[in-house]
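Below is one structure, written out as structure tokens; comments come after it.
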Amino acid sequence: FGGVDASVDAGAKVLDVGCGFGGTSRYLADKLGPKADVTGITLSPNQVKRGTELAEERGLFNAKFKVMNALEMDFPDNSFDIVWACESGEHMPDKEAYINEMMRVLKPGGKFVMATWCQRDDREVPFDKKDKRDLRFLYEEWTHPYFISIEAYKELIDATKLMGQVKTADWVTPTIASWRHSVWVGIYDPRGWIFKPTKYLKCARDGYCLERMHRAFKRGLMQYGMFAATKPKDE
């Protein structure tokens, strides 16, 4: 979707924004090969520690992790050949700063790829009471600041005036099964809450929230936003 290809990006300098425990960082480090240099950033020192351990266990020494605020990155302008963000936008309290920083650190000619949870654009069909109630639950249960639409993200990218044509898509169909799959994993392999019974309530609440999220995606209240763009080379 985003045009990232090991045959042409094998030596790329890559930034994974909001990397969590580094799953996508390790994926990129593996797929692009040892000449690629992948950096994942997160606010959590524990995620940096565990992400580093997991990368080392797999021999992926071209993946490294840093504690850094995605809304105020320490990197100079035009630092990375690829800027990648997978399911971090929904956690960002300032979507404009999030987009602006990613566009800033991308090199001219570089590739931008983002996947994030989005809410339906309500400008043509306003949210009704049920929509607002469901969104409030999803915000509060997993402490998301707010979601925005695919269209609103594209407008933020366009507003930077740094990027070429922005390709967008809603990948709800290929991703929706993952919500209920996550619930069934907990049922089929309940060791987590059996050996830690104090976590039972949290597991039950998470399962309920996963089901609510599944239903929100299924009825079109939520969308799985995909974005890709290239930063034009300097003239």
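Residue names in the structure tokens use chain letters A, B, ... in the order shown, residue numbers from 1 in each chain, and ligand numbers from 1 in the order shown.
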
Q.
Need to verify the contact set: Ala228 of chain A, 7 Å, only C-alpha atoms, exclusion of same-chain residues closer than 3 positions in sequence. Can you return it as a list in words?
A.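 Residues meeting the cut-off are Gly2, Phe112, Val113, Met114, Val166, Lys167 and Thr168 of chain A.
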
**Q.** Secondary structure check, helix (DSSP H, G or I) residues of segment 13-145 of chain A, as a PyMOL selection string
**A.** chain A and resi 23-32+45-57+89-91+95-105+129-141

Q: Find, counting only C-alpha atoms, the residue in A:Asp170, A:Met73, A:Glu56, A:Gly3 that gets nearest to Ile99 of chain A.
A: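 Of A:Asp170, A:Met73, A:Glu56, A:Gly3, the one nearest Ile99 of chain A is A:Met73, counting only C-alpha atoms.
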
Please return as a compact mmCIF listing (two decimals) with C-alpha atoms, in the first residue's frame: the residues of segment 146-188 of chain A that backbone DSSP assigns to strand (DSSP E or B).
# COMPACT_ATOMS: atom_id res chain seq x y z
CA LYS A 167 -3.44 8.06 -0.92
CA THR A 168 -6.12 6.98 1.57
CA ALA A 169 -8.21 3.86 2.16
CA ASP A 170 -10.48 2.30 4.76

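Nearest to Tyr139 of chain A of all the residues A:Ala152, A:Met213, A:Ala204, A:Ala36 is A:Met213, counting only C-alpha atoms.
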
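Using only C-alpha atoms, the contacts of Glu141 of chain A at a cut-off of 12 Å, with sequence neighbours closer than 4 positions omitted, comprise A:Asp134, A:Leu135, A:Arg136, A:Phe137, A:Pro145, A:Tyr146, A:Lys202, A:Arg205, A:Asp206, A:Gly207, A:Tyr208, A:Cys209, A:Leu210, A:Arg212, A:Met213.
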
**Q.** Spatial neighbours of Phe80 of chain A, max dist 7 Å, only C-alpha atoms, sep filter under 6 positions, as a ChimeraX atom specification
**A.** /A:13-15,105-107

Q) Can you list, as a list of chain:residue names, every protein, DNA or RNA residue that comes within 10 Å of Lys49 of chain A when you count only C-alpha atoms, leaving out same-chain residues fewer than 5 positions away? A)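 Non-adjacent residues within range: A:Phe21, A:Ser44, A:Leu54, A:Phe65, A:Lys66, A:Val67.
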
Can you write just those residues out, N, CA and C atoms, as a PDB file, in the first residue's frame?
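What landed in out-v8.pdb:
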ATOM      1  N   PHE A  21       5.813  -1.815  21.902  1.00  0.00           N
ATOM      2  CA  PHE A  21       6.873  -2.773  22.213  1.00  0.00           C
ATOM      3  C   PHE A  21       7.714  -3.124  20.986  1.00  0.00           C
ATOM      4  N   SER A  44       7.248   5.362  26.630  1.00  0.00           N
ATOM      5  CA  SER A  44       7.416   4.424  27.737  1.00  0.00           C
ATOM      6  C   SER A  44       8.822   3.828  27.811  1.00  0.00           C
ATOM      7  N   LEU A  54      13.523  -7.840  22.756  1.00  0.00           N
ATOM      8  CA  LEU A  54      12.914  -8.687  21.725  1.00  0.00           C
ATOM      9  C   LEU A  54      13.683  -8.602  20.408  1.00  0.00           C
ATOM     10  N   PHE A  65      15.518   1.571  19.855  1.00  0.00           N
ATOM     11  CA  PHE A  65      14.335   2.211  20.424  1.00  0.00           C
ATOM     12  C   PHE A  65      14.731   3.356  21.343  1.00  0.00           C
ATOM     13  N   LYS A  66      13.911   4.412  21.322  1.00  0.00           N
ATOM     14  CA  LYS A  66      14.198   5.600  22.119  1.00  0.00           C
ATOM     15  C   LYS A  66      12.926   6.104  22.791  1.00  0.00           C
ATOM     16  N   VAL A  67      13.103   6.657  23.985  1.00  0.00           N
ATOM     17  CA  VAL A  67      12.007   7.380  24.635  1.00  0.00           C
ATOM     18  C   VAL A  67      11.966   8.777  24.030  1.00  0.00           C
TER      19      VAL A  67
END

Q: Find the spatial neighbours of Ile41 of chain A, counting only C-alpha atoms, within a cut-off of 12 Å - ignore same-chain residues fewer than 4 positions away - and output them as a PyMOL selection string.
A: chain A and resi 14-25+45-49+51-52+63-75+83-86+88+102

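Taking atom CA of Thr116 of chain A and atom CA of Lys35 of chain A as the two end points, the separation is 27.9 Å.
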
**Q.** Interatomic distance (Å, one decimal) between atom CA of Asn78 of chain A and atom CA of Lys31 of chain A
**A.**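 These atoms are spaced 23.1 Å apart.
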
Q) What is the atom CA of Arg123 of chain A to atom CA of Met222 of chain A distance in Å? A)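 We find that atom CA of Arg123 of chain A and atom CA of Met222 of chain A lie 14.5 Å from each other.
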
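Minimum atom-to-atom distances from A:Gly40, A:Gly59, A:Pro34, A:Gly225 to Tyr153 of chain A were compared using only C-alpha atoms, and the lowest value belongs to A:Gly225.
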
Q: Find the spatial neighbours of Gln165 of chain A, counting only C-alpha atoms, within a cut-off of 10 Å - ignore same-chain residues fewer than 6 positions away - and output them as a list in words.
A: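 Those residues are Lys154, Ile157, Asp158, Ala228, Ala229, Thr230, Lys231 and Pro232 of chain A.
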